[in-house]
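Colleague: Pasting structure_20.txt below, which is compact mmCIF, C-alpha atoms and all ligand atoms.
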```txt
# COMPACT_ATOMS: atom_id res chain seq x y z
CA MET I 25 -138.44 -200.03 34.72
CA GLN I 26 -136.44 -201.47 37.63
CA SER I 27 -132.94 -202.87 37.32
CA VAL I 28 -133.09 -206.65 36.77
CA PHE I 29 -130.65 -206.89 39.66
CA GLN I 30 -132.91 -205.12 42.16
CA GLY I 31 -132.83 -206.98 45.49
CA LYS I 32 -130.30 -209.55 44.25
CA SER I 33 -127.14 -210.49 46.14
CA PHE I 34 -123.67 -210.60 44.58
CA LEU I 35 -122.04 -213.74 45.94
CA ALA I 36 -120.19 -215.44 43.08
CA GLU I 37 -119.53 -214.77 39.40
CA LYS I 38 -121.10 -218.08 38.36
CA ASP I 39 -124.54 -216.70 39.37
CA PHE I 40 -124.46 -214.15 36.52
CA THR I 41 -124.57 -214.39 32.74
CA LYS I 42 -122.01 -212.87 30.41
CA ASP I 43 -124.36 -209.96 29.62
CA GLU I 44 -125.04 -209.35 33.30
CA LEU I 45 -121.33 -209.23 34.17
CA LEU I 46 -120.73 -206.91 31.21
CA TYR I 47 -123.55 -204.70 32.50
CA PHE I 48 -121.77 -204.31 35.86
CA ILE I 49 -118.47 -203.54 34.07
CA ASP I 50 -120.04 -200.94 31.76
CA PHE I 51 -122.08 -199.43 34.58
CA ALA I 52 -118.86 -199.11 36.62
CA ALA I 53 -117.24 -197.27 33.69
CA HIS I 54 -120.26 -194.95 33.56
CA LEU I 55 -120.11 -194.21 37.30
CA LYS I 56 -116.36 -193.60 37.01
CA ALA I 57 -117.05 -190.98 34.31
CA LEU I 58 -119.76 -189.34 36.45
CA LYS I 59 -117.37 -189.13 39.40
CA GLN I 60 -114.61 -187.65 37.23
CA LYS I 61 -117.03 -184.99 35.94
CA GLY I 62 -118.31 -184.23 39.44
CA ILE I 63 -121.87 -185.29 38.56
CA ALA I 64 -123.80 -186.55 41.61
CA HIS I 65 -125.13 -190.11 41.50
CA GLN I 66 -126.90 -190.66 44.81
CA TYR I 67 -128.78 -193.83 43.91
CA LEU I 68 -128.73 -195.06 47.54
CA LYS I 69 -129.71 -191.86 49.31
CA GLY I 70 -130.82 -192.57 52.88
CA LYS I 71 -129.78 -196.25 52.85
CA ASN I 72 -127.65 -197.92 55.53
CA ILE I 73 -124.90 -200.35 54.60
CA ALA I 74 -123.20 -202.84 56.97
CA LEU I 75 -119.57 -203.72 56.23
CA LEU I 76 -118.62 -207.03 57.88
CA PHE I 77 -114.93 -207.94 57.90
CA GLU I 78 -113.62 -211.22 59.37
CA LYS I 79 -110.36 -210.67 57.45
CA THR I 80 -108.34 -207.49 57.03
CA SER I 81 -108.66 -205.20 54.02
CA THR I 82 -107.50 -201.91 52.57
CA ARG I 83 -109.04 -201.71 49.08
CA THR I 84 -112.33 -203.49 49.67
CA ARG I 85 -113.12 -201.65 52.86
CA ALA I 86 -112.11 -198.27 51.40
CA ALA I 87 -113.99 -198.95 48.16
CA PHE I 88 -117.24 -199.93 49.91
CA THR I 89 -116.98 -196.93 52.24
CA VAL I 90 -116.33 -194.33 49.56
CA ALA I 91 -118.78 -195.89 47.11
CA ALA I 92 -121.53 -195.90 49.76
CA ASN I 93 -120.83 -192.25 50.61
CA ASP I 94 -120.82 -191.22 46.93
CA LEU I 95 -124.15 -193.02 46.48
CA GLY I 96 -125.65 -191.08 49.40
CA ALA I 97 -125.73 -194.09 51.75
CA HIS I 98 -124.27 -194.46 55.24
CA PRO I 99 -121.67 -197.25 55.64
CA GLU I 100 -120.98 -198.79 59.04
CA PHE I 101 -117.83 -200.89 59.61
CA LEU I 102 -118.36 -203.97 61.77
CA GLY I 103 -115.01 -205.74 62.24
CA ALA I 104 -114.46 -209.27 63.50
CA ASN I 105 -113.68 -208.08 67.02
CA ASP I 106 -116.56 -205.60 67.19
CA ILE I 107 -119.60 -207.84 66.86
CA GLN I 108 -120.95 -211.14 68.22
CA LEU I 109 -120.87 -213.03 64.89
CA GLY I 110 -119.06 -216.33 65.16
CA THR I 111 -118.29 -216.16 68.87
CA LYS I 112 -121.65 -215.51 70.57
CA GLU I 113 -124.13 -215.38 67.70
CA SER I 114 -124.81 -217.60 64.71
CA THR I 115 -124.67 -216.39 61.11
CA ILE I 116 -128.42 -216.92 60.75
CA ASP I 117 -129.31 -214.82 63.80
CA THR I 118 -126.83 -212.13 62.77
CA ALA I 119 -128.33 -212.07 59.26
CA LYS I 120 -131.84 -211.58 60.64
CA VAL I 121 -130.79 -208.77 62.96
CA LEU I 122 -128.62 -206.88 60.48
CA GLY I 123 -131.20 -207.37 57.72
CA SER I 124 -133.85 -205.74 59.89
CA MET I 125 -131.75 -202.59 60.29
CA PHE I 126 -129.50 -202.30 57.25
CA ASP I 127 -130.52 -202.07 53.59
CA GLY I 128 -127.47 -203.96 52.31
CA ILE I 129 -124.62 -206.03 53.78
CA GLU I 130 -121.05 -206.58 52.63
CA PHE I 131 -119.20 -209.60 53.98
CA ARG I 132 -115.49 -210.49 53.78
CA GLY I 133 -114.33 -213.65 55.48
CA PHE I 134 -113.33 -217.27 55.30
CA ALA I 135 -116.20 -219.57 54.34
CA GLN I 136 -118.30 -218.98 51.23
CA GLU I 137 -121.07 -220.68 53.18
CA THR I 138 -121.18 -217.71 55.60
CA VAL I 139 -121.89 -215.16 52.88
CA GLU I 140 -124.46 -217.53 51.31
CA THR I 141 -126.22 -217.95 54.67
CA LEU I 142 -126.24 -214.19 55.28
CA ALA I 143 -127.87 -213.72 51.87
CA GLN I 144 -130.43 -216.41 52.56
CA TYR I 145 -131.60 -214.96 55.88
CA ALA I 146 -130.95 -211.21 55.76
CA GLY I 147 -133.74 -210.31 53.34
CA VAL I 148 -131.53 -207.57 51.84
CA PRO I 149 -128.79 -207.71 49.17
CA VAL I 150 -125.51 -209.23 50.40
CA TRP I 151 -122.22 -208.56 48.58
CA ASN I 152 -119.21 -210.87 48.76
CA GLY I 153 -116.10 -208.83 49.58
CA LEU I 154 -113.87 -211.97 49.33
CA THR I 155 -114.04 -215.47 50.76
CA ASP I 156 -111.62 -218.38 50.56
CA LEU I 157 -113.46 -219.46 47.40
CA TRP I 158 -114.23 -216.33 45.31
CA HIS I 159 -113.42 -212.62 44.99
CA PRO I 160 -116.23 -211.43 42.70
CA THR I 161 -116.14 -207.64 43.23
CA GLN I 162 -112.46 -207.80 42.26
CA MET I 163 -113.48 -209.36 38.93
CA ILE I 164 -115.67 -206.42 37.90
CA ALA I 165 -112.75 -204.05 38.60
CA ASP I 166 -110.21 -206.27 36.84
CA PHE I 167 -112.27 -206.72 33.69
CA LEU I 168 -113.07 -202.99 33.66
CA THR I 169 -109.29 -202.35 33.73
CA ILE I 170 -108.76 -204.88 30.92
CA LYS I 171 -111.54 -203.28 28.84
CA GLU I 172 -110.08 -199.80 29.44
CA HIS I 173 -106.74 -200.98 28.05
CA PHE I 174 -107.70 -203.22 25.18
CA GLY I 175 -111.20 -201.94 24.34
CA LYS I 176 -112.42 -205.53 24.57
CA ILE I 177 -112.32 -208.64 26.75
CA ALA I 178 -113.23 -211.69 24.64
CA GLY I 179 -110.36 -213.29 22.76
CA LEU I 180 -107.56 -211.85 24.92
CA ASN I 181 -105.10 -214.20 26.67
CA LEU I 182 -104.65 -213.94 30.44
CA ALA I 183 -101.96 -215.96 32.21
CA TYR I 184 -102.38 -216.20 35.96
CA CYS I 185 -99.04 -217.24 37.50
CA GLY I 186 -98.91 -218.39 41.10
CA ASP I 187 -101.17 -220.20 43.56
CA GLY I 188 -103.66 -221.85 41.20
CA ARG I 189 -106.08 -222.91 43.88
CA ASN I 190 -106.83 -219.68 45.70
CA ASN I 191 -109.83 -217.34 45.46
CA MET I 192 -108.20 -215.18 42.74
CA ALA I 193 -107.36 -218.13 40.50
CA ASN I 194 -110.89 -219.52 40.93
CA SER I 195 -112.52 -216.19 40.13
CA LEU I 196 -110.31 -215.43 37.13
CA LEU I 197 -110.81 -218.90 35.67
CA VAL I 198 -114.59 -218.85 35.97
CA THR I 199 -115.14 -215.18 35.07
CA GLY I 200 -112.79 -215.42 32.09
CA ALA I 201 -114.67 -218.52 30.93
CA ILE I 202 -118.00 -216.70 31.17
CA LEU I 203 -116.72 -213.61 29.34
CA GLY I 204 -114.85 -215.43 26.56
CA LEU I 205 -111.32 -214.51 27.70
CA ASN I 206 -108.68 -217.25 27.35
CA VAL I 207 -107.32 -218.14 30.78
CA ARG I 208 -104.11 -220.05 31.51
CA ILE I 209 -103.52 -221.04 35.12
CA VAL I 210 -99.75 -221.39 35.34
CA SER I 211 -98.73 -223.03 38.59
CA PRO I 212 -96.98 -226.10 40.01
CA LYS I 213 -99.08 -229.27 39.81
CA ALA I 214 -99.49 -229.31 43.61
CA LEU I 215 -101.34 -226.00 43.35
CA PHE I 216 -103.57 -226.72 40.35
CA PRO I 217 -107.20 -225.59 40.78
CA ASN I 218 -109.77 -227.85 42.35
CA PRO I 219 -111.25 -230.17 39.63
CA GLU I 220 -114.76 -228.91 40.44
CA ILE I 221 -113.73 -225.34 39.66
CA ILE I 222 -112.12 -226.47 36.40
CA ALA I 223 -115.28 -228.38 35.43
CA LEU I 224 -117.45 -225.35 36.20
CA ALA I 225 -115.20 -223.07 34.13
CA LYS I 226 -115.19 -225.57 31.24
CA SER I 227 -118.98 -225.65 31.21
CA PHE I 228 -119.03 -221.85 30.70
CA ALA I 229 -116.21 -221.99 28.15
CA LYS I 230 -118.31 -224.26 25.92
CA THR I 231 -120.73 -221.37 25.37
CA SER I 232 -118.27 -218.46 25.33
CA GLY I 233 -115.54 -220.13 23.23
CA SER I 234 -112.94 -219.29 25.88
CA GLU I 235 -109.80 -221.50 25.79
CA LEU I 236 -108.75 -222.74 29.22
CA VAL I 237 -105.32 -224.17 29.97
CA ILE I 238 -104.03 -225.46 33.30
CA THR I 239 -100.28 -225.96 33.09
CA ASP I 240 -97.07 -226.04 35.10
CA ASP I 241 -95.11 -225.08 31.96
CA ILE I 242 -94.26 -221.37 32.17
CA ASP I 243 -93.09 -220.99 28.54
CA GLN I 244 -96.30 -222.49 27.18
CA GLY I 245 -98.48 -220.69 29.74
CA VAL I 246 -97.30 -217.14 29.12
CA LEU I 247 -96.68 -217.27 25.34
CA LYS I 248 -98.77 -214.58 23.60
CA ALA I 249 -100.30 -213.48 26.91
CA ASN I 250 -101.90 -210.02 26.86
CA ILE I 251 -102.15 -210.01 30.63
CA ILE I 252 -99.96 -211.61 33.27
CA TYR I 253 -101.77 -211.63 36.58
CA THR I 254 -100.40 -212.70 39.92
CA ASP I 255 -101.41 -212.73 43.58
CA VAL I 256 -99.71 -213.40 46.92
CA TRP I 257 -98.26 -216.90 47.33
CA VAL I 258 -99.88 -217.23 50.75
CA SER I 259 -103.46 -216.04 51.16
CA MET I 260 -105.07 -214.70 54.32
CA GLY I 261 -105.53 -217.54 56.79
CA GLU I 262 -102.68 -219.67 55.35
CA GLU I 263 -99.77 -217.81 56.94
CA SER I 264 -98.24 -220.98 58.37
CA GLN I 265 -97.44 -222.18 54.83
CA PHE I 266 -94.81 -219.63 53.73
CA ALA I 267 -91.89 -222.10 53.59
CA GLU I 268 -93.55 -224.67 51.34
CA ARG I 269 -95.18 -222.05 49.11
CA ILE I 270 -91.90 -220.23 48.52
CA GLU I 271 -90.30 -223.51 47.55
CA LEU I 272 -93.14 -224.36 45.14
CA LEU I 273 -93.70 -220.92 43.65
CA LYS I 274 -90.21 -219.42 43.32
CA PRO I 275 -89.98 -220.43 39.64
CA TYR I 276 -93.36 -218.76 38.98
CA GLN I 277 -92.28 -215.31 40.13
CA VAL I 278 -93.35 -212.61 37.65
CA ASN I 279 -90.10 -210.96 36.55
CA GLN I 280 -88.74 -209.27 33.44
CA ALA I 281 -87.57 -212.60 31.99
CA MET I 282 -91.11 -213.97 32.28
CA LEU I 283 -92.52 -210.87 30.59
CA GLU I 284 -90.10 -211.40 27.66
CA LYS I 285 -91.37 -214.96 27.30
CA THR I 286 -94.80 -213.64 26.26
CA GLN I 287 -93.26 -212.36 22.97
CA ASN I 288 -96.22 -210.01 23.04
CA LEU I 289 -95.08 -206.91 24.92
CA ASP I 290 -96.61 -204.48 22.44
CA GLN I 291 -100.06 -205.64 23.59
CA PHE I 292 -99.46 -206.40 27.22
CA ILE I 293 -100.28 -205.34 30.80
CA PHE I 294 -99.43 -206.69 34.25
CA LEU I 295 -102.16 -206.92 36.91
CA HIS I 296 -102.16 -207.74 40.64
CA CYS I 297 -105.16 -207.57 42.98
CA LEU I 298 -102.84 -206.27 45.77
CA PRO I 299 -101.45 -206.20 48.41
CA ALA I 300 -98.17 -207.34 46.81
CA PHE I 301 -94.81 -208.55 48.12
CA HIS I 302 -92.47 -206.72 45.73
CA ASP I 303 -89.95 -205.34 48.24
CA THR I 304 -89.04 -205.43 51.94
CA GLN I 305 -90.95 -202.34 53.04
CA THR I 306 -93.43 -204.32 55.14
CA THR I 307 -92.96 -206.37 58.30
CA TYR I 308 -93.86 -209.53 56.35
CA GLY I 309 -91.42 -208.58 53.61
CA GLN I 310 -88.64 -208.13 56.17
CA LYS I 311 -89.45 -211.42 57.90
CA ILE I 312 -89.38 -213.32 54.60
CA ALA I 313 -86.04 -211.70 53.71
CA GLU I 314 -84.57 -212.74 57.08
CA LEU I 315 -85.96 -216.27 57.05
CA TYR I 316 -85.68 -217.21 53.37
CA GLY I 317 -83.33 -214.65 51.84
CA LEU I 318 -85.98 -213.46 49.40
CA THR I 319 -86.51 -209.71 48.93
CA GLU I 320 -89.31 -210.04 46.36
CA MET I 321 -91.89 -212.76 46.08
CA GLU I 322 -94.68 -213.11 43.48
CA VAL I 323 -93.51 -210.07 41.47
CA THR I 324 -90.19 -208.26 41.23
CA ASP I 325 -90.02 -204.59 42.08
CA GLU I 326 -88.81 -203.95 38.52
CA VAL I 327 -92.05 -205.31 37.03
CA PHE I 328 -94.21 -203.75 39.76
CA GLN I 329 -92.75 -200.28 39.05
CA GLY I 330 -92.45 -200.87 35.31
CA LYS I 331 -94.43 -199.50 32.38
CA TYR I 332 -96.74 -202.51 31.93
CA ALA I 333 -97.95 -202.47 35.54
CA LYS I 334 -101.55 -201.30 35.93
CA GLN I 335 -102.28 -202.48 39.48
CA PHE I 336 -103.05 -199.04 40.86
CA GLN I 337 -105.56 -198.25 38.12
CA GLN I 338 -107.03 -201.67 38.92
CA ALA I 339 -107.17 -200.75 42.63
CA GLU I 340 -109.03 -197.49 41.91
CA ASN I 341 -111.46 -199.43 39.76
CA ARG I 342 -112.46 -201.48 42.82
CA MET I 343 -114.39 -198.44 44.02
CA HIS I 344 -116.21 -197.84 40.74
CA ALA I 345 -117.00 -201.55 40.42
CA ILE I 346 -118.34 -201.89 43.95
CA LYS I 347 -120.41 -198.75 43.45
CA ALA I 348 -121.96 -200.26 40.32
CA ILE I 349 -122.75 -203.51 42.13
CA MET I 350 -124.39 -201.73 45.09
CA ALA I 351 -126.31 -199.28 42.91
CA ALA I 352 -127.60 -201.96 40.53
CA THR I 353 -128.77 -204.30 43.29
CA LEU I 354 -130.08 -201.77 45.80
CA GLY I 355 -130.59 -198.48 43.97
CA ASN I 356 -133.72 -197.14 42.38
CA LEU I 357 -132.25 -196.79 38.93
CA PHE I 358 -134.28 -195.36 36.10
CA ILE I 359 -133.68 -197.67 33.16
CA PRO I 360 -135.77 -196.67 30.14
CA LYS I 361 -137.30 -199.51 28.16
CA VAL I 362 -136.78 -199.35 24.41
N1 LIG E 401 -107.57 -206.68 46.47
C1 LIG E 401 -108.13 -206.61 47.69
O1 LIG E 401 -109.18 -207.21 47.95
O2 LIG E 401 -107.46 -205.83 48.58
P1 LIG E 401 -107.78 -205.70 50.15
O3 LIG E 401 -107.46 -207.04 50.74
O4 LIG E 401 -106.91 -204.60 50.63
O5 LIG E 401 -109.25 -205.38 50.31
N1 LIG E 402 -105.62 -214.45 47.61
C1 LIG E 402 -105.53 -213.27 48.44
C2 LIG E 402 -106.30 -212.16 47.81
C3 LIG E 402 -106.21 -210.83 48.54
C4 LIG E 402 -107.00 -209.75 47.87
C5 LIG E 402 -106.05 -213.58 49.82
O1 LIG E 402 -107.10 -214.22 49.94
O2 LIG E 402 -105.40 -213.22 50.80
```
Rewrite the structure from the file as structure tokens, please.

Modeller:
Amino acid sequence: MQSVFQGKSFLAEKDFTKDELLYFIDFAAHLKALKQKGIAHQYLKGKNIALLFEKTSTRTRAAFTVAANDLGAHPEFLGANDIQLGTKESTIDTAKVLGSMFDGIEFRGFAQETVETLAQYAGVPVWNGLTDLWHPTQMIADFLTIKEHFGKIAGLNLAYCGDGRNNMANSLLVTGAILGLNVRIVSPKALFPNPEIIALAKSFAKTSGSELVITDDIDQGVLKANIIYTDVWVSMGEESQFAERIELLKPYQVNQAMLEKTQNLDQFIFLHCLPAFHDTQTTYGQKIAELYGLTEMEVTDEVFQGKYAKQFQQAENRMHAIKAIMAATLGNLFIPKV
């Protein structure tokens, strides 16, 4: 029996049911165990994978590369400045060409429309490595991390504190709603999620029983949270907006005082998709310190280095998650029928 995902693309969480998302999470856990035991799992032997990056990346690029190698496939990195896409060649033409040579395509970039068009015309599975709208491979890793810690997903409370209208907030809201996790988006009103995203999440929550709260009230938002999640205040492509974002988001910084407000620290973890501004050891960090006098942004170094912080486990899980997504959609898996 073939995987039900065979030939499918992975473009947005909303395209999958709760059981399907749980399948990817559990399959990722299985592949993680195989890797730890040194058991080969070359489900993509002989395949060629294109890795398209309009935006920069450490985790996603590394995860796709290592996952492809572990699966026996050959990954090829095609950066924004390396290929004709966007400048001399349309997305449709690029999709047709790459689809005729590669067996699967990863895309990271700005418009969700680009990854959708690639999937429509490539004729091979396309995987969304982040757009302005969604970050779906990140969700499989994040919910794997949550399941590893709590042994469950449904019924837990996740408070996302920060920019409520970026790709991470969108993905957490919708994925949590599908999986039955209670999601609070805690952000200033000016950065509340797009009403269409809220409506979509609410439609899933009706079935899953997930409770969704959008609030600018930190005390209410983080009370009894099992997970506080944050992301950069300024996403890739929005770098001109540092001043206004700092002004809006300073009160939403994840610090020890915010953690105490959960009143739930015996059942609690901190997550961050990374990269994070928690010190001044980057050029951006130094520039922000010079310009705005801020040495930490969305999370303090104390929390980032503290005992609740699981962001590096989460980062490793990106690889296992991406491997599961590629293997399930492109691999020849043997799935016995019972
Ligand atoms: N979390 C994440 O997507 O990291 P990169 O931008 O480094 O890929
Ligand atoms: N919201 C961030 C996520 C990075 C993984 C960005 O888009 O830059």

Colleague: Step by step, measure atom-to-atom distances between ligand LIG 401 (chain E) and each residue using only C-alpha atoms and all ligand atoms, keep those at most 7 Å, then write them as a list in words.

Modeller: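 After applying the 7 Å limit, what remains is Thr80, Ser81, Thr82, Arg83, Thr84, Arg85, Leu154, Gln162, Cys297, Leu298 and Pro299 of chain I.
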
Colleague: Quick one: which range 123-189 of chain I residues come within 12 Å of range 273-285 of chain I, and what is the nearest atom pair for each with the distance in Å to one decimal, counting all atoms listed in the file, rows ordered by chain and ascending number, as a tab-separated table?

Modeller:
```
residue	atom	partner	partner_atom	distance
I:Ala183	CA	I:Val278	CA	10.7
I:Tyr184	CA	I:Tyr276	CA	9.9
I:Cys185	CA	I:Tyr276	CA	6.1
I:Gly186	CA	I:Tyr276	CA	6.0
I:Asp187	CA	I:Leu273	CA	7.5
I:Gly188	CA	I:Leu273	CA	10.3
```

Colleague: Can you tell me how far CA of Leu272 in chain I sits from CA of Val258 in chain I, in Å to one decimal?

Modeller: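 Going from CA of Leu272 in chain I over to CA of Val258 in chain I, I get 11.3 Å.
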
Colleague: I:Gly31, I:Gly309, I:Gly110, I:Pro160: which is nearest ligand LIG 402 (chain E), counting only C-alpha atoms and all ligand atoms?

Modeller: I:Pro160

Colleague: Hey, can you pull every residue with an atom no more than 10 Å from (-109.6, -224.3, 40.3), using only C-alpha atoms, and send it as a count of residues only?

Modeller: 26

Colleague: Here is a test: counting all atoms listed in the file, which residue of I:Thr239, I:Ser259, I:Asn181, I:Ser234 is nearest to ligand LIG 402 (chain E)?

Modeller: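 Going through I:Thr239, I:Ser259, I:Asn181, I:Ser234 one by one, the smallest distance to ligand LIG 402 (chain E) is for I:Ser259.
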
Colleague: If we count only C-alpha atoms, what is near Tyr308 in chain I at a cut-off of 12 Å, once residues fewer than 3 positions away on the same chain are taken out, given as a ChimeraX atom specification?

Modeller: /I:256,258,263,266,299-305,311-316,318-321
